[in-house]
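J.: I'm passing along structure_15.pdb; it holds PDB, C-alpha atoms.
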ATOM      1  CA  MET A   1       0.000   0.000   0.000
ATOM      2  CA  SER A   2       1.426   3.352  -1.014
ATOM      3  CA  VAL A   3       1.551   5.971   1.754
ATOM      4  CA  THR A   4       2.871   9.516   2.020
ATOM      5  CA  ARG A   5       5.971   9.918   4.187
ATOM      6  CA  ALA A   6       7.700  13.089   5.380
ATOM      7  CA  VAL A   7      11.288  12.400   4.339
ATOM      8  CA  ALA A   8      14.273  14.408   5.578
ATOM      9  CA  ILE A   9      16.168  15.658   2.527
ATOM     10  CA  GLY A  10      18.521  18.107   4.243
ATOM     11  CA  CYS A  11      19.645  19.472   7.590
ATOM     12  CA  GLY A  12      21.802  22.265   8.941
ATOM     13  CA  HIS A  13      22.868  24.043  12.098
ATOM     14  CA  TYR A  14      24.404  27.222  13.394
ATOM     15  CA  LEU A  15      26.310  28.136  16.546
ATOM     16  CA  PRO A  16      27.224  31.724  17.514
ATOM     17  CA  ASP A  17      30.910  32.616  17.430
ATOM     18  CA  ARG A  18      31.284  33.258  21.147
ATOM     19  CA  VAL A  19      32.360  30.105  23.007
ATOM     20  CA  VAL A  20      32.004  30.180  26.785
ATOM     21  CA  GLU A  21      34.116  27.620  28.626
ATOM     22  CA  ASN A  22      33.115  26.441  32.095
ATOM     23  CA  ALA A  23      36.088  28.255  33.601
ATOM     24  CA  GLU A  24      34.520  31.591  32.668
ATOM     25  CA  PHE A  25      31.811  31.048  35.290
ATOM     26  CA  GLU A  26      34.436  30.616  38.010
ATOM     27  CA  LYS A  27      35.003  34.393  37.867
ATOM     28  CA  THR A  28      31.471  35.280  38.984
ATOM     29  CA  LEU A  29      29.985  32.177  40.624
ATOM     30  CA  GLU A  30      30.886  29.746  43.377
ATOM     31  CA  THR A  31      31.475  26.926  40.905
ATOM     32  CA  THR A  32      34.262  25.122  39.071
ATOM     33  CA  ASP A  33      34.822  23.488  35.726
ATOM     34  CA  GLU A  34      35.021  20.108  37.498
ATOM     35  CA  TRP A  35      31.698  20.711  39.329
ATOM     36  CA  ILE A  36      29.871  21.526  36.101
ATOM     37  CA  ARG A  37      31.401  18.637  34.127
ATOM     38  CA  SER A  38      30.757  16.029  36.806
ATOM     39  CA  ARG A  39      27.092  16.957  37.218
ATOM     40  CA  THR A  40      26.129  17.766  33.640
ATOM     41  CA  GLY A  41      28.807  16.647  31.177
ATOM     42  CA  ILE A  42      28.896  20.213  29.805
ATOM     43  CA  GLU A  43      32.298  21.697  29.029
ATOM     44  CA  ARG A  44      31.384  24.744  26.962
ATOM     45  CA  ARG A  45      28.488  26.446  25.222
ATOM     46  CA  HIS A  46      27.913  29.224  22.661
ATOM     47  CA  PHE A  47      26.297  32.592  23.392
ATOM     48  CA  ALA A  48      24.766  34.879  20.780
ATOM     49  CA  ALA A  49      26.293  38.297  20.220
ATOM     50  CA  ASP A  50      24.406  41.315  21.552
ATOM     51  CA  ASP A  51      23.072  42.113  18.093
ATOM     52  CA  GLN A  52      22.065  38.522  17.245
ATOM     53  CA  LYS A  53      18.429  37.485  17.592
ATOM     54  CA  THR A  54      16.867  34.049  17.514
ATOM     55  CA  SER A  55      15.784  34.622  13.905
ATOM     56  CA  ASP A  56      19.398  35.366  12.937
ATOM     57  CA  LEU A  57      20.536  32.006  14.279
ATOM     58  CA  ALA A  58      17.597  30.299  12.604
ATOM     59  CA  LEU A  59      18.459  31.914   9.270
ATOM     60  CA  GLU A  60      21.985  30.479   9.192
ATOM     61  CA  ALA A  61      20.785  26.986  10.106
ATOM     62  CA  ALA A  62      18.032  27.247   7.487
ATOM     63  CA  LYS A  63      20.465  28.291   4.757
ATOM     64  CA  MET A  64      22.662  25.284   5.515
ATOM     65  CA  ALA A  65      19.670  22.921   5.523
ATOM     66  CA  LEU A  66      18.367  24.256   2.199
ATOM     67  CA  LYS A  67      21.819  23.914   0.643
ATOM     68  CA  ASP A  68      22.092  20.369   1.962
ATOM     69  CA  ALA A  69      18.673  19.601   0.474
ATOM     70  CA  GLY A  70      19.598  21.185  -2.848
ATOM     71  CA  ILE A  71      16.543  23.432  -2.945
ATOM     72  CA  ASP A  72      15.731  27.139  -2.660
ATOM     73  CA  ALA A  73      13.508  28.865  -0.126
ATOM     74  CA  SER A  74      10.991  29.416  -2.923
ATOM     75  CA  ASP A  75      10.559  25.632  -3.100
ATOM     76  CA  LEU A  76       9.194  25.538   0.457
ATOM     77  CA  ASP A  77       5.499  25.486   1.293
ATOM     78  CA  ALA A  78       5.869  26.193   4.998
ATOM     79  CA  ILE A  79       8.146  26.916   7.941
ATOM     80  CA  VAL A  80       7.483  25.518  11.422
ATOM     81  CA  LEU A  81       9.819  27.069  13.977
ATOM     82  CA  ALA A  82      10.145  25.875  17.562
ATOM     83  CA  THR A  83      11.411  28.409  20.092
ATOM     84  CA  ALA A  84      10.860  29.587  23.655
ATOM     85  CA  THR A  85      12.930  32.733  23.051
ATOM     86  CA  PRO A  86      11.213  34.527  20.143
ATOM     87  CA  ASP A  87      12.418  37.805  18.695
ATOM     88  CA  GLN A  88       9.141  39.481  19.643
ATOM     89  CA  THR A  89       5.927  38.659  21.493
ATOM     90  CA  PHE A  90       4.389  38.770  18.014
ATOM     91  CA  PRO A  91       4.537  38.273  15.111
ATOM     92  CA  SER A  92       6.124  34.845  15.013
ATOM     93  CA  THR A  93       9.869  34.367  14.626
ATOM     94  CA  ALA A  94       8.997  31.984  11.788
ATOM     95  CA  THR A  95       7.627  34.885   9.728
ATOM     96  CA  LYS A  96      10.830  36.817  10.419
ATOM     97  CA  LEU A  97      12.764  33.844   9.054
ATOM     98  CA  GLN A  98      10.394  33.574   6.102
ATOM     99  CA  ALA A  99      11.120  37.196   5.149
ATOM    100  CA  ALA A 100      14.874  36.814   5.680
ATOM    101  CA  LEU A 101      14.917  33.806   3.342
ATOM    102  CA  GLY A 102      13.012  35.745   0.675
ATOM    103  CA  MET A 103      10.165  33.254   0.816
ATOM    104  CA  ASN A 104       7.116  35.199  -0.346
ATOM    105  CA  GLY A 105       4.611  32.344  -0.544
ATOM    106  CA  GLY A 106       3.410  29.609   1.738
ATOM    107  CA  PHE A 107       3.003  30.047   5.494
ATOM    108  CA  ALA A 108       5.107  30.163   8.653
ATOM    109  CA  PHE A 109       4.368  29.855  12.363
ATOM    110  CA  ASP A 110       5.995  29.193  15.729
ATOM    111  CA  ILE A 111       5.545  26.300  18.155
ATOM    112  CA  GLN A 112       6.350  26.605  21.865
ATOM    113  CA  ALA A 113       7.054  23.415  23.787
ATOM    114  CA  VAL A 114      10.414  24.546  25.221
ATOM    115  CA  CYS A 115      13.026  21.758  25.063
ATOM    116  CA  ALA A 116      10.533  19.374  23.439
ATOM    117  CA  GLY A 117       9.734  22.009  20.822
ATOM    118  CA  PHE A 118      11.478  20.340  17.890
ATOM    119  CA  ILE A 119       9.667  17.045  18.467
ATOM    120  CA  PHE A 120       6.330  18.885  18.564
ATOM    121  CA  ALA A 121       7.304  20.883  15.467
ATOM    122  CA  ILE A 122       8.404  17.898  13.399
ATOM    123  CA  SER A 123       5.265  15.985  14.422
ATOM    124  CA  THR A 124       3.127  18.936  13.296
ATOM    125  CA  ALA A 125       5.000  19.190   9.989
ATOM    126  CA  ASN A 126       4.637  15.440   9.484
ATOM    127  CA  SER A 127       0.871  15.678   9.981
ATOM    128  CA  MET A 128       0.577  18.518   7.465
ATOM    129  CA  ILE A 129       2.559  16.594   4.868
ATOM    130  CA  ILE A 130       0.485  13.453   5.369
ATOM    131  CA  ALA A 131      -2.692  15.552   5.106
ATOM    132  CA  GLY A 132      -1.504  17.083   1.835
ATOM    133  CA  GLN A 133      -1.325  20.658   3.160
ATOM    134  CA  ALA A 134       2.319  20.991   2.165
ATOM    135  CA  LYS A 135       4.916  19.133   0.131
ATOM    136  CA  ARG A 136       8.078  20.674   1.573
ATOM    137  CA  ILE A 137       8.414  22.074   5.095
ATOM    138  CA  LEU A 138      11.405  23.634   6.828
ATOM    139  CA  VAL A 139      11.377  22.632  10.498
ATOM    140  CA  VAL A 140      13.611  24.746  12.735
ATOM    141  CA  GLY A 141      14.597  24.803  16.395
ATOM    142  CA  ALA A 142      16.298  28.029  17.453
ATOM    143  CA  GLU A 143      17.037  29.580  20.833
ATOM    144  CA  THR A 144      18.849  32.419  22.587
ATOM    145  CA  PHE A 145      18.486  31.111  26.144
ATOM    146  CA  SER A 146      21.336  33.343  27.295
ATOM    147  CA  ARG A 147      18.739  36.158  27.275
ATOM    148  CA  ILE A 148      16.626  34.562  30.033
ATOM    149  CA  MET A 149      19.287  33.453  32.514
ATOM    150  CA  ASP A 150      19.677  34.483  36.156
ATOM    151  CA  TRP A 151      23.434  34.887  36.196
ATOM    152  CA  THR A 152      23.527  34.530  40.000
ATOM    153  CA  ASP A 153      21.935  31.062  39.946
ATOM    154  CA  ARG A 154      24.771  28.585  39.485
ATOM    155  CA  GLY A 155      22.309  25.703  39.220
ATOM    156  CA  THR A 156      20.799  26.965  35.960
ATOM    157  CA  CYS A 157      22.934  29.562  34.190
ATOM    158  CA  VAL A 158      25.788  27.120  33.512
ATOM    159  CA  LEU A 159      23.483  24.677  31.730
ATOM    160  CA  PHE A 160      22.183  26.556  28.716
ATOM    161  CA  GLY A 161      23.523  27.792  25.396
ATOM    162  CA  ASP A 162      22.353  29.374  22.152
ATOM    163  CA  GLY A 163      22.077  27.787  18.715
ATOM    164  CA  ALA A 164      19.841  26.626  15.913
ATOM    165  CA  GLY A 165      19.181  23.522  13.859
ATOM    166  CA  ALA A 166      16.971  22.875  10.852
ATOM    167  CA  VAL A 167      15.591  19.974   8.815
ATOM    168  CA  VAL A 168      13.849  20.036   5.437
ATOM    169  CA  LEU A 169      11.011  17.526   5.097
ATOM    170  CA  GLU A 170       9.594  16.504   1.716
ATOM    171  CA  ALA A 171       6.529  14.434   0.834
ATOM    172  CA  GLN A 172       7.564  11.159  -0.779
ATOM    173  CA  GLN A 173       5.794   7.866  -1.321
ATOM    174  CA  GLY A 174       6.557   4.780   0.734
ATOM    175  CA  ASP A 175       5.069   1.305   0.903
ATOM    176  CA  GLY A 176       3.818   1.697   4.480
ATOM    177  CA  SER A 177       6.441  -0.499   6.120
ATOM    178  CA  SER A 178       9.123   0.342   8.689
ATOM    179  CA  ALA A 179      11.662   0.100   5.854
ATOM    180  CA  ASP A 180      10.318   3.365   4.383
ATOM    181  CA  ARG A 181      12.428   6.478   4.533
ATOM    182  CA  GLY A 182      10.849   9.325   6.484
ATOM    183  CA  ILE A 183       9.013   9.831   9.759
ATOM    184  CA  LEU A 184       7.576   6.488  10.856
ATOM    185  CA  SER A 185       5.985   7.520  14.159
ATOM    186  CA  THR A 186       5.646  10.267  16.754
ATOM    187  CA  ASP A 187       4.496  10.419  20.372
ATOM    188  CA  LEU A 188       3.581  13.668  22.141
ATOM    189  CA  ASN A 189       2.775  14.251  25.817
ATOM    190  CA  SER A 190       2.353  17.036  28.358
ATOM    191  CA  ASP A 191       1.264  17.444  31.978
ATOM    192  CA  GLY A 192       0.681  20.997  33.172
ATOM    193  CA  GLN A 193       0.584  20.081  36.860
ATOM    194  CA  PHE A 194       4.397  20.122  36.754
ATOM    195  CA  ASN A 195       4.593  23.733  35.544
ATOM    196  CA  ASN A 196       6.559  24.858  38.596
ATOM    197  CA  LEU A 197       9.438  22.414  37.979
ATOM    198  CA  LEU A 198      10.804  24.351  35.000
ATOM    199  CA  TYR A 199       9.510  27.772  33.996
ATOM    200  CA  VAL A 200      10.299  31.432  33.349
ATOM    201  CA  ASP A 201       9.025  33.760  36.096
ATOM    202  CA  GLY A 202       7.672  36.425  33.759
ATOM    203  CA  GLY A 203       5.238  36.894  30.917
ATOM    204  CA  VAL A 204       3.109  39.342  28.985
ATOM    205  CA  SER A 205      -0.155  38.766  30.850
ATOM    206  CA  SER A 206       1.306  38.007  34.289
ATOM    207  CA  THR A 207       4.200  40.389  34.992
ATOM    208  CA  GLN A 208       4.678  42.340  31.756
ATOM    209  CA  THR A 209       8.357  41.372  31.990
ATOM    210  CA  THR A 210      10.510  38.775  30.272
ATOM    211  CA  GLY A 211      11.510  37.001  33.477
ATOM    212  CA  VAL A 212      14.301  34.486  34.013
ATOM    213  CA  LEU A 213      14.483  30.708  34.038
ATOM    214  CA  ARG A 214      13.723  28.812  37.249
ATOM    215  CA  MET A 215      14.209  25.072  37.665
ATOM    216  CA  GLN A 216      13.939  22.374  40.319
ATOM    217  CA  GLY A 217      16.789  20.343  38.872
ATOM    218  CA  GLN A 218      16.484  17.138  40.879
ATOM    219  CA  GLU A 219      12.751  16.873  40.269
ATOM    220  CA  VAL A 220      13.168  17.463  36.527
ATOM    221  CA  PHE A 221      15.884  14.790  36.456
ATOM    222  CA  LYS A 222      13.591  12.194  38.055
ATOM    223  CA  HIS A 223      10.769  12.879  35.604
ATOM    224  CA  ALA A 224      13.098  13.062  32.608
ATOM    225  CA  VAL A 225      14.538   9.549  32.716
ATOM    226  CA  THR A 226      11.197   7.793  33.197
ATOM    227  CA  LYS A 227       9.246   9.867  30.699
ATOM    228  CA  LEU A 228      11.947   9.845  28.003
ATOM    229  CA  ALA A 229      12.314   6.069  28.166
ATOM    230  CA  LYS A 230       8.551   5.545  27.978
ATOM    231  CA  THR A 231       7.957   7.946  25.074
ATOM    232  CA  GLY A 232      10.889   6.448  23.179
ATOM    233  CA  GLU A 233       9.507   2.945  23.634
ATOM    234  CA  THR A 234       6.035   4.109  22.559
ATOM    235  CA  ALA A 235       7.401   5.721  19.395
ATOM    236  CA  MET A 236       9.317   2.556  18.494
ATOM    237  CA  GLU A 237       6.261   0.376  19.126
ATOM    238  CA  ARG A 238       4.137   2.593  16.874
ATOM    239  CA  ALA A 239       6.745   2.332  14.128
ATOM    240  CA  GLY A 240       6.929  -1.447  14.469
ATOM    241  CA  VAL A 241      10.611  -1.429  15.395
ATOM    242  CA  THR A 242      12.705  -2.347  18.428
ATOM    243  CA  ALA A 243      15.759  -0.903  20.107
ATOM    244  CA  ASP A 244      17.896  -3.383  18.167
ATOM    245  CA  ASP A 245      16.741  -1.771  14.901
ATOM    246  CA  ILE A 246      17.825   1.726  15.951
ATOM    247  CA  ALA A 247      21.074   2.954  14.400
ATOM    248  CA  TRP A 248      21.208   6.192  16.395
ATOM    249  CA  VAL A 249      19.329   7.808  19.255
ATOM    250  CA  VAL A 250      19.403  11.603  19.000
ATOM    251  CA  PRO A 251      18.258  12.765  22.441
ATOM    252  CA  HIS A 252      17.653  16.231  23.804
ATOM    253  CA  GLN A 253      21.080  17.410  24.948
ATOM    254  CA  ALA A 254      20.328  18.627  28.469
ATOM    255  CA  ASN A 255      22.499  16.614  30.816
ATOM    256  CA  LEU A 256      24.861  13.710  30.149
ATOM    257  CA  ARG A 257      23.656  11.865  33.237
ATOM    258  CA  ILE A 258      20.065  11.967  31.972
ATOM    259  CA  ILE A 259      21.198  10.746  28.554
ATOM    260  CA  LYS A 260      23.166   7.841  30.058
ATOM    261  CA  ARG A 261      20.447   6.869  32.532
ATOM    262  CA  THR A 262      17.742   6.905  29.845
ATOM    263  CA  ALA A 263      19.864   4.819  27.469
ATOM    264  CA  ALA A 264      20.453   2.257  30.205
ATOM    265  CA  LYS A 265      16.747   2.123  31.075
ATOM    266  CA  MET A 266      15.940   1.438  27.399
ATOM    267  CA  GLY A 267      18.735  -1.102  27.008
ATOM    268  CA  ILE A 268      20.520   0.904  24.316
ATOM    269  CA  SER A 269      24.320   1.127  24.200
ATOM    270  CA  MET A 270      25.910   4.560  24.521
ATOM    271  CA  ASP A 271      27.735   3.693  21.292
ATOM    272  CA  LYS A 272      24.424   4.367  19.533
ATOM    273  CA  ILE A 273      23.721   7.703  21.262
ATOM    274  CA  VAL A 274      24.565  11.027  19.603
ATOM    275  CA  VAL A 275      26.137  13.220  22.301
ATOM    276  CA  THR A 276      26.983  16.901  21.754
ATOM    277  CA  VAL A 277      26.024  18.346  25.145
ATOM    278  CA  GLN A 278      29.672  18.755  26.094
ATOM    279  CA  ASP A 279      30.170  21.379  23.376
ATOM    280  CA  HIS A 280      26.745  23.052  23.180
ATOM    281  CA  GLY A 281      25.094  22.806  26.590
ATOM    282  CA  ASN A 282      21.299  22.734  26.617
ATOM    283  CA  THR A 283      20.034  24.645  23.576
ATOM    284  CA  SER A 284      16.379  23.782  24.254
ATOM    285  CA  ALA A 285      14.352  23.450  21.016
ATOM    286  CA  ALA A 286      17.558  23.689  18.953
ATOM    287  CA  SER A 287      19.109  20.737  20.771
ATOM    288  CA  ILE A 288      17.961  17.791  18.645
ATOM    289  CA  PRO A 289      18.272  19.305  15.134
ATOM    290  CA  LEU A 290      21.646  20.769  16.113
ATOM    291  CA  ALA A 291      22.918  17.389  17.306
ATOM    292  CA  LEU A 292      21.397  15.715  14.242
ATOM    293  CA  SER A 293      23.151  18.057  11.827
ATOM    294  CA  VAL A 294      26.502  17.772  13.622
ATOM    295  CA  ALA A 295      26.277  13.969  13.587
ATOM    296  CA  LYS A 296      25.407  13.921   9.892
ATOM    297  CA  GLN A 297      28.203  16.367   9.090
ATOM    298  CA  ARG A 298      30.803  14.180  10.784
ATOM    299  CA  GLY A 299      29.562  11.133   8.869
ATOM    300  CA  ASP A 300      27.846   9.226  11.673
ATOM    301  CA  ILE A 301      24.290   9.409  10.337
ATOM    302  CA  LYS A 302      23.852   7.949   6.864
ATOM    303  CA  ARG A 303      20.970   7.466   4.451
ATOM    304  CA  GLY A 304      18.817   4.547   5.527
ATOM    305  CA  ASP A 305      19.736   4.783   9.232
ATOM    306  CA  LEU A 306      16.816   4.443  11.637
ATOM    307  CA  LEU A 307      16.836   7.212  14.242
ATOM    308  CA  LEU A 308      14.986   7.717  17.508
ATOM    309  CA  MET A 309      14.661  11.328  18.710
ATOM    310  CA  GLU A 310      13.341  12.172  22.185
ATOM    311  CA  ALA A 311      13.060  15.266  24.375
ATOM    312  CA  ILE A 312      11.479  16.667  27.536
ATOM    313  CA  GLY A 313      11.074  20.272  28.630
ATOM    314  CA  GLY A 314       9.013  22.768  30.578
ATOM    315  CA  GLY A 315       5.301  22.132  30.759
ATOM    316  CA  LEU A 316       6.192  19.424  31.401
ATOM    317  CA  ALA A 317       6.113  18.494  27.718
ATOM    318  CA  TRP A 318       7.825  15.474  26.237
ATOM    319  CA  GLY A 319       7.812  13.299  23.156
ATOM    320  CA  ALA A 320       9.681  11.160  20.670
ATOM    321  CA  ALA A 321       9.817  10.377  16.966
ATOM    322  CA  THR A 322      11.305   7.664  14.790
ATOM    323  CA  ILE A 323      12.625   8.553  11.359
ATOM    324  CA  ARG A 324      14.515   6.610   8.737
ATOM    325  CA  TRP A 325      17.101   8.940   7.256
TER     326      TRP A 325
END
Hey, can you dump this file as structure tokens for me?

T.:
Amino acid sequence: MSVTRAVAIGCGHYLPDRVVENAEFEKTLETTDEWIRSRTGIERRHFAADDQKTSDLALEAAKMALKDAGIDASDLDAIVLATATPDQTFPSTATKLQAALGMNGGFAFDIQAVCAGFIFAISTANSMIIAGQAKRILVVGAETFSRIMDWTDRGTCVLFGDGAGAVVLEAQQGDGSSADRGILSTDLNSDGQFNNLLYVDGGVSSTQTTGVLRMQGQEVFKHAVTKLAKTGETAMERAGVTADDIAWVVPHQANLRIIKRTAAKMGISMDKIVVTVQDHGNTSAASIPLALSVAKQRGDIKRGDLLLMEAIGGGLAWGAATIRW
């Protein structure tokens, strides 16, 4: 039976020029490089320049993805951009990117699911392609989390970085089996009762301020491992595959301990896990597409590889997707 699949035909990423090593935080906080590495696995991260906005980072990642796909912006039908740090309250950062790319047709909109944003965005794009609303969609995750940090809170400000990643999806025909290229399954979840575990203490309708990030780290950690393992297993079950079939897991790059614990819970070797958290920190919605593009660029991910992507973030919101590259 012929079915429509959303196939990845290109990806790209962008990291700001400024690299911030752990040692830089020793000047202003009661922390050390060893403390940060041992608890998070993070060694460095990138921060956007003062004149760089989220849309600027997204633009560079998008350009790379379009070049990798061998198409122009005019060939796109839509842009779905995941971010928790938009350029403006409105309009969407996606429309800013649309204009910057010179894309005069189609449509563009933002999705906000914090660190799970890319999974929610790619699931949305997949649904639109299957429904016939679009043939080619640029899916982007882009963040400037350095703009919402409390620089006196050593438990949070050392964790996050800025960056962007992008994937171009194209409608192609498959035979409906797990051997098809493209997105094979998705699984989305949220539970708003855990809002206070990870949030920003500001907002348009509440404080009329931007606010800064607040997190109960230990509580988030406990939820993360259980929920990531379960959503990953659900996504694989829906795709009709098992952990043995997976070539690479591309997890949200938040904390190396979470990544290792989740892999162990799922019975997947760390040899099959894409890890970039040491160089990028937690880039929220940009995390998965950024790691995906880096892994493809260095030759790890190849055409035909079966990937499992999974993420959890504020909300709490979490999810997973399987895709054959």

J.: Mind telling me what the PyMOL selection byres ((chain A and resi 135-147) around 6) catches here, as a list in words?

T.: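 Selection result, ordered by chain and number: Thr54, Ala58, Leu76, Asp77, Ala78, Ile79, Val80, Leu81, Ala82, Thr83, Thr85, Phe118, Ile129, Ala134, Ile148, Met149, Asp162, Gly163, Ala164, Gly165, Ala166, Val167, Val168, Leu169, Glu170, Ala171, Ala285 and Ala286 of chain A.
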
J.: Could you produce a table of the residues of region 93-140 of chain A lying within 10 Å of region 236-253 of chain A, with the nearest pair of atoms per residue and their separation in Å rounded to one decimal, using all atoms listed in the file, ordered by chain and increasing residue number, as a tab-separated table?

T.:
residue	atom	partner	partner_atom	distance
A:Cys115	CA	A:His252	CA	7.3
A:Ala116	CA	A:His252	CA	7.8
A:Phe118	CA	A:His252	CA	9.5
A:Ile119	CA	A:His252	CA	9.6

J.: Selected residues, C-alpha atoms, written as a PDB file, keeping the file's coordinate frame, please.

T.:
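The file below, part_18.pdb, is the result:
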ATOM      1  CA  CYS A 115      13.026  21.758  25.063  1.00  0.00           C
ATOM      2  CA  ALA A 116      10.533  19.374  23.439  1.00  0.00           C
ATOM      3  CA  PHE A 118      11.478  20.340  17.890  1.00  0.00           C
ATOM      4  CA  ILE A 119       9.667  17.045  18.467  1.00  0.00           C
TER       5      ILE A 119
END

J.: For CA of Val20 (chain A) and CA of Val158 (chain A), determine how far apart the two atoms are, in Å to one decimal place.

T.: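 Distance reported for this atom pair: 9.7 Å.
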
J.: Under the PyMOL selection byres ((chain A and resi 179) around 10), which residues of this model are included? Write them out as a PyMOL selection string.

T.: chain A and resi 174-178+180-182+184+239-241+304-306+324

J.: With the PyMOL selection byres ((chain A and resi 232) around 12) as the selection, what would be picked from this file? Answer as a ChimeraX atom specification, please.

T.: /A:119,185-189,224-231,233-239,241-243,246,249-252,262-263,265-268,307-312,318-322

J.: Calculated over all atoms listed in the file, which of the candidates A:Gly192, A:Gly41, A:Gly161, A:Gly211 has the smallest distance to Arg18 (chain A)?

T.: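 The shortest atom-to-atom distance to Arg18 (chain A) comes from A:Gly161.
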
J.: Which one of A:Gly10, A:Ile122, A:Ala65, A:Thr4 sits closest to Arg303 (chain A) if you count only C-alpha atoms?

T.: A:Gly10

J.: In Å, rounded to a single decimal, give me how far CA of Asn195 (chain A) is from CA of Ser123 (chain A).

T.: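 Taking CA of Ser123 (chain A) and CA of Asn195 (chain A), their separation equals 22.5 Å.
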
J.: Do a neighbour search on Ser38 (chain A) at 12 Å with only C-alpha atoms, toss out local chain neighbours closer than 3 positions, and write the hits as an mmCIF file with C-alpha atoms, in the coordinates of the input.

T.:
data_model
loop_
_atom_site.group_PDB
_atom_site.id
_atom_site.type_symbol
_atom_site.label_atom_id
_atom_site.label_comp_id
_atom_site.auth_asym_id
_atom_site.auth_seq_id
_atom_site.Cartn_x
_atom_site.Cartn_y
_atom_site.Cartn_z
ATOM 1 C CA ASN A 22 33.115 26.441 32.095
ATOM 2 C CA THR A 31 31.475 26.926 40.905
ATOM 3 C CA THR A 32 34.262 25.122 39.071
ATOM 4 C CA ASP A 33 34.822 23.488 35.726
ATOM 5 C CA GLU A 34 35.021 20.108 37.498
ATOM 6 C CA TRP A 35 31.698 20.711 39.329
ATOM 7 C CA GLY A 41 28.807 16.647 31.177
ATOM 8 C CA ILE A 42 28.896 20.213 29.805
ATOM 9 C CA GLU A 43 32.298 21.697 29.029
ATOM 10 C CA ASN A 255 22.499 16.614 30.816
ATOM 11 C CA LEU A 256 24.861 13.710 30.149
ATOM 12 C CA ARG A 257 23.656 11.865 33.237
ATOM 13 C CA GLN A 278 29.672 18.755 26.094
#

J.: Rounded to one decimal in Å, what is the spacing between CA of Asp201 (chain A) and CA of Gly314 (chain A)?

T.: 12.3 Å

J.: Which is closer to Arg261 (chain A) than all the others in A:Lys302, A:His46, A:His280, A:Lys222, using only C-alpha atoms?

T.: A:Lys222

J.: Which of these, A:Val275, A:Ile258, A:Met128, A:Val200, has the shortest distance to Gln218 (chain A) once you count all atoms listed in the file?

T.: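 Going through A:Val275, A:Ile258, A:Met128, A:Val200 one by one, the smallest distance to Gln218 (chain A) is for A:Ile258.
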
J.: Select, from A:Leu198, A:Val294, A:Ala125, A:Val274, the residue with the minimum atom-to-atom distance to His223 (chain A), counting all atoms listed in the file.

T.: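 Comparing A:Leu198, A:Val294, A:Ala125, A:Val274 against His223 (chain A), the winner is A:Leu198.
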